[in-house]
$ cat data35.cif   # mmCIF, C-alpha atoms
data_structure
loop_
_atom_site.label_atom_id
_atom_site.label_comp_id
_atom_site.auth_asym_id
_atom_site.auth_seq_id
_atom_site.Cartn_x
_atom_site.Cartn_y
_atom_site.Cartn_z
CA MET A 275 -112.22 151.69 168.33
CA ARG A 276 -109.81 154.04 166.57
CA THR A 277 -110.28 156.42 163.66
CA LEU A 278 -108.42 155.60 160.45
CA SER A 279 -106.10 158.22 159.02
CA SER A 280 -106.57 159.51 155.47
CA LYS A 281 -103.42 157.56 154.45
CA GLU A 282 -104.93 154.32 155.79
CA ILE A 283 -108.22 155.01 154.01
CA ARG A 284 -106.36 155.57 150.71
CA GLN A 285 -104.48 152.27 151.22
CA ILE A 286 -107.76 150.41 151.78
CA ALA A 287 -109.30 152.08 148.72
CA ARG A 288 -106.35 150.93 146.57
CA LEU A 289 -106.77 147.36 147.86
CA VAL A 290 -110.51 147.37 147.15
CA GLU A 291 -109.89 148.59 143.59
CA LYS A 292 -107.69 145.51 142.99
CA ILE A 293 -110.39 143.02 144.00
CA ASP A 294 -111.68 141.14 140.98
CA PRO A 295 -115.51 141.23 141.14
CA PHE A 296 -115.71 138.09 138.98
CA VAL A 297 -115.39 134.35 139.51
CA GLY A 298 -114.72 131.61 136.99
CA SER A 299 -112.92 131.87 133.69
CA GLY A 300 -113.67 131.98 129.99
CA LYS A 301 -117.33 131.60 129.11
CA ASP A 302 -118.07 130.67 132.75
CA ARG A 303 -116.79 134.05 134.04
CA MET A 304 -119.55 135.70 136.03
CA PRO A 305 -119.80 138.67 138.39
CA ILE A 306 -120.13 138.05 142.10
CA LEU A 307 -123.65 139.16 142.91
CA ALA A 308 -124.76 140.66 146.19
CA PRO A 309 -127.32 143.20 147.34
CA GLY A 310 -125.78 146.65 147.23
CA LEU A 311 -123.59 145.87 144.21
CA ARG A 312 -123.89 148.53 141.53
CA ILE A 313 -124.10 147.49 137.91
CA ARG A 314 -124.35 149.63 134.79
CA HIS A 315 -126.41 148.84 131.69
CA GLN A 316 -123.94 148.88 128.80
CA THR A 317 -126.30 150.44 126.25
CA GLY A 318 -128.36 152.82 128.38
CA ASN A 319 -125.40 153.64 130.68
CA ILE A 320 -127.78 153.74 133.68
CA GLU A 321 -126.39 152.55 137.00
CA TYR A 322 -128.58 150.20 139.04
CA THR A 323 -128.15 148.80 142.55
CA ILE A 324 -128.92 145.13 143.20
CA GLU A 325 -131.67 145.05 145.83
CA ASP A 326 -132.46 141.33 145.92
CA ILE A 327 -131.48 138.05 144.29
CA PHE A 328 -133.92 135.22 143.62
CA TYR A 329 -132.63 131.70 143.10
CA LYS A 330 -133.97 128.72 141.15
CA ASP A 331 -133.04 126.27 143.86
CA GLU A 332 -133.05 125.98 147.65
CA LYS A 333 -129.24 125.84 147.84
CA ASN A 334 -128.92 129.35 146.35
CA THR A 335 -126.56 128.13 143.64
CA HIS A 336 -128.49 129.14 140.49
CA VAL A 337 -129.72 132.71 140.15
CA ASP A 338 -133.13 133.09 138.50
CA TYR A 339 -133.63 136.86 138.46
CA LEU A 340 -132.48 140.07 140.12
CA VAL A 341 -134.34 143.02 141.58
CA LEU A 342 -132.57 146.26 140.68
CA ARG A 343 -133.14 149.76 142.05
CA THR A 344 -132.96 152.59 139.54
CA PRO A 345 -131.40 155.97 140.40
CA ASP A 346 -134.98 157.26 140.87
CA GLY A 347 -135.75 154.53 143.41
CA ASP A 348 -137.98 152.42 141.15
CA MET A 349 -137.58 148.62 141.17
CA VAL A 350 -136.80 146.67 138.00
CA TYR A 351 -136.77 142.88 137.65
CA ILE A 352 -134.33 141.29 135.20
CA ASP A 353 -133.75 137.69 134.19
CA VAL A 354 -130.21 136.58 135.01
CA LYS A 355 -129.71 135.79 131.30
CA LYS A 356 -129.82 139.54 130.62
CA LEU A 357 -126.95 140.14 133.05
CA LYS A 358 -124.55 140.02 130.11
CA ASP A 359 -125.98 143.43 129.08
CA TYR A 360 -124.59 144.95 132.30
CA LYS A 361 -121.12 145.63 133.64
CA VAL A 362 -119.91 145.88 137.22
#
$ encode --input "data35.cif" --output "structure tokens"
Amino acid sequence: MRTLSSKEIRQIARLVEKIDPFVGSGKDRMPILAPGLRIRHQTGNIEYTIEDIFYKDEKNTHVDYLVLRTPDGDMVYIDVKKLKDYKV
């Protein structure tokens, strides 16, 4: 294994910044959800980290609700319908 140079790390960071964290288009546009993803409440401006995702079906195609970790480490449960109040 080799250590990356600071130039290589900056190049990777620029590539990551270009990744679109959304799928779909128009009214079907939705963020890609995964544990560890940070989202910010648009009104309260508090940043949360997705801890877990619960699905409505066995195929994991329809999200039911999310478990978010607050900056203080508390857990908050939100219905996926409220996801529109957050930004990635």
$ atom_distance --input "data35.cif" --atom1 "CA of Lys361 (chain A)" --atom2 "CA of Arg284 (chain A)"
24.7 Å
$ closest_residue --input "data35.cif" --among "A:Glu332, A:Val362, A:Gly300, A:Leu340" --to "Asn319 (chain A)" --atoms "all atoms listed in the file"
A:Val362
$ resolve_selection --input "data35.cif" --expression "the PyMOL selection byres ((chain A and resi 354) around 9)" --output "number ranges by chain"
A: 337-340, 352-353, 355-358
$ resolve_selection --input "data35.cif" --expression "the PyMOL selection byres ((chain A and resi 347) around 12)" --output "mmCIF file with C-alpha atoms, in the coordinates of the input"
data_model
loop_
_atom_site.group_PDB
_atom_site.id
_atom_site.type_symbol
_atom_site.label_atom_id
_atom_site.label_comp_id
_atom_site.auth_asym_id
_atom_site.auth_seq_id
_atom_site.Cartn_x
_atom_site.Cartn_y
_atom_site.Cartn_z
ATOM 1 C CA GLU A 321 -126.390 152.550 137.000
ATOM 2 C CA TYR A 322 -128.580 150.200 139.040
ATOM 3 C CA THR A 323 -128.150 148.800 142.550
ATOM 4 C CA ILE A 324 -128.920 145.130 143.200
ATOM 5 C CA GLU A 325 -131.670 145.050 145.830
ATOM 6 C CA VAL A 341 -134.340 143.020 141.580
ATOM 7 C CA LEU A 342 -132.570 146.260 140.680
ATOM 8 C CA ARG A 343 -133.140 149.760 142.050
ATOM 9 C CA THR A 344 -132.960 152.590 139.540
ATOM 10 C CA PRO A 345 -131.400 155.970 140.400
ATOM 11 C CA ASP A 346 -134.980 157.260 140.870
ATOM 12 C CA ASP A 348 -137.980 152.420 141.150
ATOM 13 C CA MET A 349 -137.580 148.620 141.170
ATOM 14 C CA VAL A 350 -136.800 146.670 138.000
#
$ closest_residue --input "data35.cif" --among "A:Met275, A:Asp326, A:Ile313, A:Asp302" --to "Tyr360 (chain A)" --atoms "all atoms listed in the file"
A:Ile313
$ build_atoms --input "data35.cif" --residues "region 329-350 of chain A" --atoms "N, CA and C atoms" --output "mmCIF file, keeping the file's coordinate frame"
data_model
loop_
_atom_site.group_PDB
_atom_site.id
_atom_site.type_symbol
_atom_site.label_atom_id
_atom_site.label_comp_id
_atom_site.auth_asym_id
_atom_site.auth_seq_id
_atom_site.Cartn_x
_atom_site.Cartn_y
_atom_site.Cartn_z
ATOM 1 N N TYR A 329 -133.303 132.902 143.589
ATOM 2 C CA TYR A 329 -132.630 131.700 143.100
ATOM 3 C C TYR A 329 -133.630 130.669 142.598
ATOM 4 N N LYS A 330 -133.144 129.796 141.698
ATOM 5 C CA LYS A 330 -133.970 128.720 141.150
ATOM 6 C C LYS A 330 -134.061 127.539 142.100
ATOM 7 N N ASP A 331 -133.101 127.436 142.996
ATOM 8 C CA ASP A 331 -133.040 126.270 143.860
ATOM 9 C C ASP A 331 -132.894 126.674 145.331
ATOM 10 N N GLU A 332 -133.103 125.727 146.209
ATOM 11 C CA GLU A 332 -133.050 125.980 147.650
ATOM 12 C C GLU A 332 -131.628 126.185 148.160
ATOM 13 N N LYS A 333 -130.627 125.719 147.406
ATOM 14 C CA LYS A 333 -129.240 125.840 147.840
ATOM 15 C C LYS A 333 -128.616 127.181 147.454
ATOM 16 N N ASN A 334 -129.400 128.036 146.784
ATOM 17 C CA ASN A 334 -128.920 129.350 146.350
ATOM 18 C C ASN A 334 -127.682 129.255 145.472
ATOM 19 N N THR A 335 -127.703 128.306 144.541
ATOM 20 C CA THR A 335 -126.560 128.130 143.640
ATOM 21 C C THR A 335 -126.863 128.606 142.221
ATOM 22 N N HIS A 336 -128.133 128.722 141.842
ATOM 23 C CA HIS A 336 -128.490 129.140 140.490
ATOM 24 C C HIS A 336 -129.432 130.340 140.551
ATOM 25 N N VAL A 337 -128.925 131.479 140.111
ATOM 26 C CA VAL A 337 -129.720 132.710 140.150
ATOM 27 C C VAL A 337 -130.801 132.645 139.070
ATOM 28 N N ASP A 338 -132.013 133.042 139.433
ATOM 29 C CA ASP A 338 -133.130 133.090 138.500
ATOM 30 C C ASP A 338 -133.314 134.512 137.968
ATOM 31 N N TYR A 339 -133.509 135.464 138.878
ATOM 32 C CA TYR A 339 -133.630 136.860 138.460
ATOM 33 C C TYR A 339 -133.171 137.789 139.574
ATOM 34 N N LEU A 340 -132.950 139.047 139.193
ATOM 35 C CA LEU A 340 -132.480 140.070 140.120
ATOM 36 C C LEU A 340 -133.499 141.187 140.229
ATOM 37 N N VAL A 341 -133.553 141.805 141.385
ATOM 38 C CA VAL A 341 -134.340 143.020 141.580
ATOM 39 C C VAL A 341 -133.335 144.157 141.651
ATOM 40 N N LEU A 342 -133.475 145.126 140.738
ATOM 41 C CA LEU A 342 -132.570 146.260 140.680
ATOM 42 C C LEU A 342 -133.304 147.537 141.056
ATOM 43 N N ARG A 343 -132.593 148.443 141.733
ATOM 44 C CA ARG A 343 -133.140 149.760 142.050
ATOM 45 C C ARG A 343 -132.547 150.771 141.093
ATOM 46 N N THR A 344 -133.406 151.559 140.465
ATOM 47 C CA THR A 344 -132.960 152.590 139.540
ATOM 48 C C THR A 344 -132.477 153.806 140.346
ATOM 49 N N PRO A 345 -131.801 154.745 139.686
ATOM 50 C CA PRO A 345 -131.400 155.970 140.400
ATOM 51 C C PRO A 345 -132.587 156.738 140.973
ATOM 52 N N ASP A 346 -133.776 156.584 140.371
ATOM 53 C CA ASP A 346 -134.980 157.260 140.870
ATOM 54 C C ASP A 346 -135.659 156.508 142.003
ATOM 55 N N GLY A 347 -135.165 155.307 142.335
ATOM 56 C CA GLY A 347 -135.750 154.530 143.410
ATOM 57 C C GLY A 347 -136.766 153.500 142.966
ATOM 58 N N ASP A 348 -137.051 153.422 141.658
ATOM 59 C CA ASP A 348 -137.980 152.420 141.150
ATOM 60 C C ASP A 348 -137.304 151.048 141.150
ATOM 61 N N MET A 349 -138.109 149.985 141.199
ATOM 62 C CA MET A 349 -137.580 148.620 141.170
ATOM 63 C C MET A 349 -137.803 148.020 139.792
ATOM 64 N N VAL A 350 -136.774 147.311 139.310
ATOM 65 C CA VAL A 350 -136.800 146.670 138.000
ATOM 66 C C VAL A 350 -136.401 145.210 138.216
#
